[in-house]
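Quick look at final24.cif (mmCIF, C-alpha atoms):
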data_protein
#
loop_
_atom_site.label_atom_id
_atom_site.label_comp_id
_atom_site.auth_asym_id
_atom_site.auth_seq_id
_atom_site.Cartn_x
_atom_site.Cartn_y
_atom_site.Cartn_z
CA MET A 1 -38.21 -25.22 50.15
CA THR A 2 -39.35 -22.18 52.15
CA ARG A 3 -41.48 -19.39 50.80
CA ARG A 4 -40.88 -15.70 51.29
CA ASN A 5 -43.01 -12.83 50.00
CA GLY A 6 -45.35 -15.36 48.41
CA ARG A 7 -42.85 -16.63 45.83
CA ALA A 8 -41.00 -19.90 45.67
CA GLU A 9 -37.56 -19.70 47.24
CA PRO A 10 -35.01 -20.33 44.51
CA ALA A 11 -32.56 -23.19 44.85
CA ARG A 12 -29.34 -22.26 46.56
CA ILE A 13 -25.76 -23.32 46.24
CA PHE A 14 -23.88 -23.21 49.49
CA LEU A 15 -20.55 -21.91 48.33
CA ARG A 16 -18.45 -19.17 49.82
CA PRO A 17 -20.58 -15.99 50.06
CA PRO A 18 -20.00 -13.74 47.05
CA SER A 19 -18.01 -10.62 47.63
CA VAL A 20 -20.09 -7.78 46.22
CA LEU A 21 -16.97 -5.95 45.08
CA ALA A 22 -15.74 -9.02 43.21
CA VAL A 23 -19.14 -9.49 41.58
CA LEU A 24 -19.23 -5.82 40.58
CA THR A 25 -15.77 -6.06 39.02
CA ALA A 26 -16.73 -9.19 37.10
CA LEU A 27 -19.96 -7.60 35.90
CA ALA A 28 -18.16 -4.46 34.77
CA THR A 29 -15.72 -6.62 32.81
CA ILE A 30 -18.54 -8.57 31.16
CA THR A 31 -20.47 -5.39 30.43
CA VAL A 32 -17.52 -3.72 28.75
CA THR A 33 -16.62 -6.89 26.83
CA VAL A 34 -20.16 -7.51 25.62
CA THR A 35 -20.84 -3.86 24.87
CA SER A 36 -17.83 -3.35 22.63
CA PRO A 37 -18.60 -6.03 19.99
CA ALA A 38 -22.33 -5.38 20.25
CA ALA A 39 -21.86 -1.75 19.39
CA ALA A 40 -19.45 -2.43 16.54
CA HIS A 41 -21.16 -5.64 15.36
CA HIS A 42 -17.78 -7.14 14.79
CA VAL A 43 -17.93 -9.14 11.58
CA GLY A 44 -14.27 -9.90 10.97
CA SER A 45 -11.91 -8.33 8.50
CA TYR A 46 -10.78 -9.43 5.07
CA VAL A 47 -7.24 -9.28 3.80
CA PRO A 48 -7.04 -9.96 0.05
CA ARG A 49 -5.09 -13.09 -0.68
CA ASP A 50 -2.84 -14.04 -3.56
CA ASN A 51 -4.55 -16.01 -6.27
CA ALA A 52 -3.02 -19.09 -7.88
CA VAL A 53 -1.22 -17.06 -10.56
CA THR A 54 0.38 -14.50 -8.25
CA THR A 55 1.31 -17.23 -5.77
CA ASN A 56 3.02 -19.25 -8.50
CA PHE A 57 4.75 -16.11 -9.80
CA LYS A 58 6.23 -15.44 -6.36
CA GLN A 59 7.34 -19.06 -6.03
CA VAL A 60 9.10 -18.94 -9.40
CA LYS A 61 10.57 -15.49 -8.77
CA PHE A 62 12.05 -16.40 -5.38
CA SER A 63 13.44 -19.66 -6.75
CA VAL A 64 15.11 -17.75 -9.58
CA GLN A 65 16.49 -15.16 -7.16
CA ALA A 66 17.95 -18.02 -5.12
CA LYS A 67 19.37 -19.44 -8.40
CA LYS A 68 17.41 -22.67 -7.87
CA TYR A 69 16.45 -22.92 -11.52
CA ASP A 70 15.51 -26.61 -11.34
CA VAL A 71 13.00 -25.80 -8.58
CA ALA A 72 11.74 -22.77 -10.51
CA LEU A 73 11.25 -24.93 -13.61
CA GLN A 74 9.27 -27.52 -11.67
CA LEU A 75 7.10 -24.82 -10.13
CA PHE A 76 6.55 -23.22 -13.52
CA ASP A 77 5.72 -26.52 -15.24
CA ALA A 78 3.20 -27.57 -12.59
CA GLY A 79 1.83 -24.15 -11.63
CA ALA A 80 -0.94 -21.78 -12.58
CA LEU A 81 1.43 -19.36 -14.32
CA ARG A 82 2.05 -21.65 -17.26
CA ALA A 83 -1.61 -22.65 -17.47
CA GLU A 84 -2.57 -18.99 -17.54
CA MET A 85 0.01 -18.26 -20.24
CA ARG A 86 -1.56 -20.97 -22.35
CA ALA A 87 -5.06 -19.69 -21.68
CA HIS A 88 -4.04 -16.17 -22.79
CA ALA A 89 -1.75 -17.31 -25.60
CA ALA A 90 -3.74 -15.43 -28.26
CA ALA A 91 -3.22 -12.09 -26.49
CA LEU A 92 0.46 -12.64 -25.70
CA PRO A 93 3.57 -12.23 -27.86
CA PRO A 94 4.24 -15.52 -29.69
CA GLY A 95 6.57 -17.99 -27.96
CA LEU A 96 6.32 -16.35 -24.52
CA GLU A 97 5.63 -19.59 -22.69
CA ASP A 98 8.28 -21.62 -24.54
CA GLY A 99 10.79 -18.81 -24.13
CA THR A 100 10.15 -18.58 -20.39
CA ARG A 101 10.66 -22.31 -20.05
CA ALA A 102 13.84 -22.17 -22.14
CA ALA A 103 15.20 -19.33 -19.99
CA LEU A 104 14.50 -21.32 -16.84
CA THR A 105 16.22 -24.38 -18.33
CA ALA A 106 19.22 -22.24 -19.31
CA GLY A 107 19.36 -20.60 -15.87
CA ASP A 108 18.93 -17.13 -17.40
CA GLY A 109 17.37 -15.12 -14.55
CA PRO A 110 17.07 -11.71 -16.28
CA GLU A 111 15.36 -13.29 -19.28
CA VAL A 112 12.87 -15.12 -17.02
CA GLU A 113 12.12 -11.82 -15.30
CA ARG A 114 11.64 -10.03 -18.64
CA ARG A 115 9.22 -12.62 -19.95
CA LEU A 116 7.21 -12.70 -16.74
CA MET A 117 7.10 -8.90 -16.85
CA ILE A 118 5.62 -9.08 -20.34
CA PHE A 119 3.07 -11.63 -19.19
CA PHE A 120 1.80 -9.56 -16.26
CA ALA A 121 1.87 -6.37 -18.30
CA ALA A 122 -0.35 -8.14 -20.83
CA LEU A 123 -2.75 -9.31 -18.11
CA SER A 124 -2.93 -5.75 -16.72
CA ARG A 125 -3.45 -4.26 -20.17
CA ASP A 126 -6.30 -6.69 -20.95
CA LEU A 127 -7.97 -5.81 -17.66
CA ALA A 128 -7.65 -2.09 -18.40
CA LEU A 129 -9.24 -2.60 -21.85
CA GLU A 130 -12.08 -4.69 -20.39
CA ALA A 131 -12.67 -2.10 -17.66
CA ASP A 132 -12.88 0.65 -20.28
CA ARG A 133 -15.36 -1.42 -22.29
CA GLN A 134 -17.61 -2.14 -19.29
CA ILE A 135 -17.54 1.44 -18.00
CA ALA A 136 -18.44 2.73 -21.47
CA ARG A 137 -21.76 0.85 -21.43
CA PRO A 138 -24.50 3.45 -21.77
CA GLU A 139 -26.88 1.66 -19.39
CA ALA A 140 -24.37 1.71 -16.48
CA THR A 141 -25.23 4.11 -13.66
CA ALA A 142 -22.64 6.29 -11.92
CA GLU A 143 -22.59 3.91 -8.93
CA VAL A 144 -22.07 0.86 -11.14
CA ARG A 145 -19.32 2.61 -13.11
CA ALA A 146 -17.54 3.63 -9.93
CA ALA A 147 -17.83 0.16 -8.37
CA THR A 148 -16.71 -1.54 -11.57
CA GLY A 149 -13.81 0.88 -11.90
CA ARG A 150 -12.65 0.24 -8.34
CA LYS A 151 -12.77 -3.52 -8.78
CA PHE A 152 -10.85 -3.46 -12.03
CA LEU A 153 -8.23 -1.07 -10.67
CA GLU A 154 -7.67 -3.41 -7.76
CA ALA A 155 -7.22 -6.36 -10.12
CA ILE A 156 -4.94 -4.37 -12.45
CA TRP A 157 -2.76 -3.24 -9.57
CA ARG A 158 -2.55 -6.74 -8.11
CA TYR A 159 -0.86 -7.90 -11.33
CA TYR A 160 1.04 -4.78 -12.35
CA ASN A 161 2.48 -4.26 -8.87
CA LEU A 162 4.28 -7.61 -9.18
CA VAL A 163 6.35 -6.41 -12.12
CA ASP A 164 6.51 -2.65 -11.61
CA PHE A 165 10.12 -2.87 -10.42
CA ALA A 166 11.09 -4.90 -13.48
CA VAL A 167 9.28 -2.38 -15.69
CA ALA A 168 10.97 0.58 -13.99
CA THR A 169 14.44 -0.89 -14.43
CA ARG A 170 13.84 -1.39 -18.16
CA ASP A 171 11.56 1.50 -19.10
CA ASN A 172 11.09 3.95 -16.30
CA LYS A 173 8.93 6.33 -18.37
CA THR A 174 6.33 3.60 -18.84
CA SER A 175 6.46 2.76 -15.15
CA VAL A 176 5.87 6.38 -14.18
CA ALA A 177 3.16 6.80 -16.83
CA VAL A 178 1.28 3.73 -15.61
CA ARG A 179 1.47 4.78 -11.98
CA LEU A 180 0.36 8.33 -12.71
CA ALA A 181 -2.54 7.09 -14.82
CA PHE A 182 -3.45 4.64 -12.07
CA ASP A 183 -3.51 7.41 -9.44
CA GLU A 184 -5.66 9.56 -11.71
CA ALA A 185 -8.02 6.66 -12.39
CA GLU A 186 -8.45 6.07 -8.67
CA SER A 187 -9.42 9.70 -8.14
CA TYR A 188 -12.38 9.29 -10.51
CA VAL A 189 -13.91 6.35 -8.63
CA LYS A 190 -13.14 7.34 -5.05
CA PRO A 191 -16.43 7.78 -3.15
CA ALA A 192 -17.40 11.39 -2.55
CA ALA A 193 -17.88 12.83 0.94
CA GLY A 194 -20.61 11.01 2.86
CA GLY A 195 -20.19 7.85 0.78
CA ALA A 196 -22.01 9.28 -2.23
CA ALA A 197 -21.13 8.16 -5.74
CA PRO A 198 -18.23 10.07 -7.31
CA PRO A 199 -19.40 12.88 -9.61
CA ASP A 200 -17.72 11.71 -12.81
CA PRO A 201 -16.77 8.03 -12.73
CA ALA A 202 -16.75 7.88 -16.54
CA GLY A 203 -13.63 10.05 -16.38
CA ILE A 204 -11.73 6.90 -15.45
CA ARG A 205 -11.86 5.78 -19.08
CA GLU A 206 -9.14 8.13 -20.23
CA PRO A 207 -6.49 7.04 -17.68
CA LEU A 208 -7.49 3.40 -18.27
CA GLN A 209 -6.84 3.87 -21.96
CA ARG A 210 -3.47 5.45 -21.14
CA ILE A 211 -2.57 2.45 -18.97
CA ALA A 212 -3.52 0.06 -21.77
CA GLN A 213 -1.57 2.12 -24.33
CA ALA A 214 1.56 2.37 -22.17
CA LEU A 215 1.55 -1.34 -21.43
CA SER A 216 0.95 -2.25 -25.08
CA THR A 217 3.98 -0.17 -26.04
CA LEU A 218 6.01 -1.85 -23.31
CA ILE A 219 4.95 -5.31 -24.46
CA ASP A 220 5.79 -4.54 -28.07
CA ALA A 221 9.16 -3.07 -27.13
CA SER A 222 10.02 -5.93 -24.77
CA SER A 223 8.55 -8.85 -26.71
CA PRO A 224 10.99 -11.67 -27.60
CA SER A 225 11.49 -10.37 -31.15
CA SER A 226 12.65 -6.99 -29.83
CA THR A 227 16.15 -6.97 -28.35
CA THR A 228 16.73 -3.30 -27.52
CA PRO A 229 15.35 -2.27 -24.13
CA ARG A 230 13.94 1.27 -23.82
CA ARG A 231 15.80 2.59 -20.83
CA ASN A 232 15.11 6.22 -20.13
CA SER A 233 16.94 8.40 -17.71
CA MET B 4 -27.64 -16.16 60.98
CA THR B 5 -30.26 -18.49 59.53
CA GLU B 6 -29.89 -20.40 56.28
CA ALA B 7 -32.41 -18.09 54.59
CA ASP B 8 -30.45 -14.97 55.48
CA SER B 9 -26.97 -16.26 54.63
CA PRO B 10 -25.49 -14.62 51.52
CA THR B 11 -25.22 -17.66 49.24
CA TRP B 12 -25.42 -17.97 45.46
CA ARG B 13 -28.90 -18.66 44.15
CA VAL B 14 -29.49 -20.79 41.10
CA PRO B 15 -31.35 -18.93 38.33
CA PRO B 16 -34.66 -20.37 37.03
CA ARG B 17 -34.43 -23.68 35.18
CA TRP B 18 -35.60 -22.23 31.86
CA VAL B 19 -32.67 -19.83 31.97
CA LEU B 20 -30.21 -22.65 32.50
CA LEU B 21 -31.90 -24.63 29.75
CA VAL B 22 -31.60 -21.74 27.28
CA ALA B 23 -27.94 -21.22 28.22
CA VAL B 24 -27.12 -24.89 27.82
CA LEU B 25 -28.99 -25.01 24.50
CA SER B 26 -26.98 -22.01 23.32
CA ILE B 27 -23.74 -23.80 24.16
CA VAL B 28 -25.00 -27.00 22.49
CA ALA B 29 -25.96 -25.02 19.37
CA ALA B 30 -22.48 -23.48 19.36
CA GLU B 31 -20.84 -26.88 19.54
CA VAL B 32 -23.10 -28.37 16.87
CA GLY B 33 -22.45 -25.31 14.68
CA GLY B 34 -18.70 -25.57 15.16
CA GLY B 35 -18.71 -29.28 14.40
CA SER B 36 -20.90 -28.81 11.33
CA MET B 37 -18.63 -26.05 10.04
CA ALA B 38 -15.71 -28.43 10.07
CA ARG B 39 -17.61 -31.49 8.83
CA PHE B 40 -19.48 -29.75 6.00
CA LYS B 41 -16.95 -27.06 5.13
CA VAL B 42 -16.76 -28.01 1.45
CA GLU B 43 -20.53 -28.37 1.06
CA LEU B 44 -21.20 -25.06 2.81
CA THR B 45 -18.62 -23.24 0.70
CA ARG B 46 -20.01 -24.77 -2.49
CA TRP B 47 -23.56 -23.79 -1.50
CA ALA B 48 -22.53 -20.21 -0.78
CA ARG B 49 -20.45 -19.92 -3.95
CA ASP B 50 -23.25 -21.31 -6.13
CA GLY B 51 -25.68 -18.89 -4.49
CA MET B 52 -23.40 -15.96 -5.25
CA LEU B 53 -22.74 -17.01 -8.83
CA ALA B 54 -26.50 -17.29 -9.35
CA ARG B 55 -26.88 -13.59 -8.39
CA PRO B 56 -24.00 -11.75 -10.06
CA GLY B 57 -25.77 -8.39 -9.87
CA VAL B 58 -26.18 -8.61 -6.10
CA HIS B 59 -22.47 -9.21 -5.58
CA GLY B 60 -21.21 -6.85 -8.28
CA LEU B 61 -19.59 -9.60 -10.34
CA VAL B 62 -18.29 -8.29 -13.66
CA GLY B 63 -17.73 -11.55 -15.54
CA VAL B 64 -13.92 -11.34 -15.47
CA ARG B 65 -12.33 -14.06 -13.40
CA ASP B 66 -9.40 -11.94 -12.22
CA VAL B 67 -11.84 -9.43 -10.75
CA ASP B 68 -14.64 -11.74 -9.62
CA GLU B 69 -12.45 -14.20 -7.75
CA ARG B 70 -11.45 -11.45 -5.31
CA ILE B 71 -15.13 -10.52 -4.71
CA LEU B 72 -16.14 -14.15 -4.24
CA ASP B 73 -13.18 -14.79 -1.98
CA GLU B 74 -14.10 -11.90 0.30
CA ALA B 75 -17.72 -13.01 0.48
CA LEU B 76 -16.72 -16.59 1.25
CA VAL B 77 -14.29 -15.44 3.94
CA LYS B 78 -17.07 -13.36 5.53
CA PHE B 79 -19.52 -16.27 5.19
CA ASP B 80 -17.07 -18.48 7.06
CA ALA B 81 -16.38 -15.70 9.59
CA GLY B 82 -20.11 -15.44 10.31
CA LEU B 83 -20.31 -19.14 11.14
CA ARG B 84 -17.20 -18.92 13.32
CA LEU B 85 -18.51 -15.86 15.14
CA PHE B 86 -21.81 -17.64 15.77
CA HIS B 87 -19.92 -20.58 17.26
CA MET B 88 -17.78 -18.31 19.42
CA HIS B 89 -20.56 -15.98 20.59
CA ALA B 90 -23.10 -18.73 21.28
CA GLU B 91 -20.55 -20.56 23.40
CA GLY B 92 -19.51 -17.43 25.27
CA MET B 93 -22.97 -15.97 25.72
CA GLY B 94 -24.22 -19.29 27.14
CA LEU B 95 -21.71 -18.92 29.93
CA VAL B 96 -22.47 -15.20 30.31
CA ILE B 97 -26.18 -16.02 30.68
CA ILE B 98 -25.48 -18.52 33.46
CA ALA B 99 -23.09 -16.23 35.30
CA THR B 100 -25.10 -13.02 35.06
CA ALA B 101 -28.47 -14.66 35.73
CA MET B 102 -26.96 -16.25 38.83
CA VAL B 103 -25.76 -12.86 40.03
CA ALA B 104 -29.17 -11.34 39.31
CA ALA B 105 -30.95 -14.16 41.16
CA THR B 106 -28.66 -13.68 44.13
CA VAL B 107 -28.36 -9.91 44.36
CA ILE B 108 -31.72 -8.48 43.22
CA ARG B 109 -34.43 -8.84 45.85
CA HIS B 110 -37.17 -6.99 44.00
CA ASP B 111 -39.20 -9.70 42.23
CA ALA B 112 -40.25 -7.81 39.11
CA ALA B 113 -36.83 -6.26 38.56
CA ARG B 114 -35.11 -9.61 39.03
CA ARG B 115 -37.44 -11.37 36.59
CA ALA B 116 -37.13 -8.61 34.00
CA ILE B 117 -33.36 -8.50 34.16
CA ILE B 118 -33.01 -12.27 34.02
CA ALA B 119 -35.40 -12.39 31.05
CA LEU B 120 -33.45 -9.67 29.22
CA LEU B 121 -30.11 -11.31 29.94
CA THR B 122 -31.36 -14.66 28.73
CA THR B 123 -33.20 -13.61 25.58
CA GLY B 124 -30.54 -11.07 24.64
CA GLY B 125 -27.67 -13.44 25.30
CA ALA B 126 -29.22 -16.34 23.45
CA GLY B 127 -30.55 -14.27 20.55
CA TYR B 128 -27.51 -12.13 19.77
CA PRO B 129 -25.30 -14.95 18.39
CA LEU B 130 -28.08 -15.99 16.01
CA GLY B 131 -27.43 -12.73 14.14
CA TYR B 132 -24.13 -14.13 12.91
CA LEU B 133 -25.84 -17.27 11.66
CA LEU B 134 -28.48 -15.17 9.90
CA TRP B 135 -25.81 -12.92 8.40
CA SER B 136 -23.92 -15.90 6.98
CA ALA B 137 -27.08 -17.48 5.61
CA LEU B 138 -28.12 -14.25 3.86
CA ILE B 139 -24.76 -13.39 2.27
CA PRO B 140 -25.26 -15.52 -0.88
CA SER B 141 -28.71 -14.02 -1.52
CA TYR B 142 -28.30 -10.39 -0.45
CA GLY B 143 -24.60 -9.61 -0.58
CA LEU B 144 -22.30 -8.56 2.25
CA GLU B 145 -23.64 -5.16 3.19
CA ARG B 146 -27.37 -5.76 2.78
CA SER B 147 -27.27 -9.02 4.72
CA LYS B 148 -25.30 -7.29 7.46
CA ALA B 149 -27.92 -4.54 7.66
CA ILE B 150 -30.73 -7.12 7.91
CA ALA B 151 -28.94 -9.04 10.66
CA GLU B 152 -28.21 -5.81 12.49
CA TRP B 153 -31.77 -4.56 12.59
CA LEU B 154 -33.46 -7.93 13.11
CA VAL B 155 -31.09 -9.45 15.63
CA TRP B 156 -27.95 -7.62 16.72
CA VAL B 157 -29.54 -4.31 17.67
CA PRO B 158 -32.59 -5.63 19.62
CA PHE B 159 -30.91 -8.58 21.33
CA GLY B 160 -27.61 -6.78 21.87
CA THR B 161 -29.42 -3.82 23.37
CA ALA B 162 -31.40 -6.13 25.67
CA THR B 163 -28.17 -7.66 26.97
CA ILE B 164 -26.42 -4.34 27.41
CA VAL B 165 -29.37 -2.70 29.18
CA ALA B 166 -29.78 -5.71 31.48
CA LEU B 167 -26.07 -5.80 32.31
CA TRP B 168 -25.97 -2.11 33.21
CA CYS B 169 -29.08 -2.50 35.35
CA LEU B 170 -27.46 -5.43 37.05
CA VAL B 171 -24.33 -3.40 37.70
CA GLY B 172 -26.57 -0.73 39.20
CA PHE B 173 -28.28 -3.20 41.51
CA VAL B 174 -24.96 -4.63 42.66
CA ALA B 175 -23.64 -1.12 43.31
CA LEU B 176 -26.82 -0.33 45.25
CA ARG B 177 -26.29 -3.48 47.28
CA MET B 178 -22.80 -2.26 48.15
CA ILE B 179 -24.10 1.10 49.31
CA ARG B 180 -27.19 -0.22 51.09
CA PRO B 181 -26.52 -3.85 52.10
CA LYS B 182 -29.98 -4.34 53.61
CA SER B 183 -31.91 -3.00 50.62
#

So that I can check it, write out the structure of this file as structure tokens.
Amino acid sequence: MTRRNGRAEPARIFLRPPSVLAVLTALATITVTVTSPAAAHHVGSYVPRDNAVTTNFKQVKFSVQAKKYDVALQLFDAGALRAEMRAHAAALPPGLEDGTRAALTAGDGPEVERRLMIFFAALSRDLALEADRQIARPEATAEVRAATGRKFLEAIWRYYNLVDFAVATRDNKTSVAVRLAFDEAESYVKPAAGGAAPPDPAGIREPLQRIAQALSTLIDASSPSSTTPRRNS
Amino acid sequence: MTEADSPTWRVPPRWVLLVAVLSIVAAEVGGGSMARFKVELTRWARDGMLARPGVHGLVGVRDVDERILDEALVKFDAGLRLFHMHAEGMGLVIIATAMVAATVIRHDAARRAIIALLTTGGAGYPLGYLLWSALIPSYGLERSKAIAEWLVWVPFGTATIVALWCLVGFVALRMIRPKS
């Protein structure tokens, strides 16, 4: 190995001489590619997924819509929906689970939809009540109240959104009331300009209570013992 | 034209190649471990998060918490995947760019500095993703990201970017003044 300028001559590979223009193009490509993620520190994105209950609800709903009641019954019997109904039995109208199963066995699609609407309305109502309770804690700071409010609203909407159409077709005033209260609640926990905590996150309590009240009324009016739907024009 | 003057590719220093190969090996081992120990890793991260509910903003209601845990676990997994991907890619980038630097830059100090920056920056940057993943259960998504950014991504990423732009400059200079 020869020496030049007092340093060891590096090993060489005798390939075709590099075209400087080609090397410059390749380097520019690498530079731009490396620079972009380095500047943004790309860490992936998250798309919220269905949980076991909402997944099972969609399976049952689509089977019912396709009039495959035997499939819907199997999915209901083996799925998270029924397990969740049992777990929340104390907070639900009596006989909701048995009635849903009976409606599936009888191939009564509208009745299945009504009972599932009651179930998700009850889940949403319970979340609204729990959110109100947690936000009312005196030791909670504004940031904690806002963060808690946002998380609960997301969970409430995930469930309520599944049955909003069913609610609207039976009791459109309740549907509108819930959505308006939801929008108002969101405005109380939305971060202020510059990412600061919202000025009055405790204000979310009032719309949360309205959501819980509206859904309780809906559940009472639509529960299996009640036969007259409240349809408003 | 003698052999010494002919414009041929020059191999970068051995330590550079060693670092690049180690980076690729670490990427492969990381990728393999992610698949082999997926359940154990997820369980470890989940247990770590459940042990620090305040850090992750858990509220004690399953319907709310499962969404928070799911996001953190998805990001934890994404961090491991991004480490695998970046370590593999940056290993190759180190080899390619260090080879160009060894071939094109004739000034000793500049060549050594740029090769050192390319190598340390390229090998260090992917470790930020590993650090980010490892810190998520203890510090939460945002705080762990900030730690990884300031400890790893910013210094090592900057080193790579600065070195690459310098290298582009040297290559451009070579085009303008071939004998320089």

| field | Surrounding residues of B:Phe79 excluding itself and chain neighbours under 5 positions, 8 Å, all atoms listed in the file, as a PyMOL selection string | value | chain B and resi 48+135-137+139

| said: Considering only C-alpha atoms, can you say which of B:Thr123, B:Leu154, B:Leu83, B:Ala54 comes closest to B:Lys41? | reply: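 Smallest distance to B:Lys41 is found for B:Leu83.
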
| query | By how many Å are atom CA of A:Asp200 and atom CA of A:Asp183 apart? | reply |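 It comes out at 15.2 Å.
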
| task | Starting from the displayed file, determine the output of the PyMOL selection byres ((chain B and resi 115-118) around 10) and express the residue list as a PyMOL selection string. | result | chain B and resi 15-16+19+97-98+100-105+108+110-114+119-124+162-163+165-170

| request: Could you expand the PyMOL selection byres ((chain B) within 8 of (chain A)) into the explicit residues it covers here, written as a PyMOL selection string? | output: chain B and resi 9-16+60+62+66-67+70+74+77-78+81-82+85+96+100+103+152+156-157+160-161+164+167-168+170-171+174-175+177-178
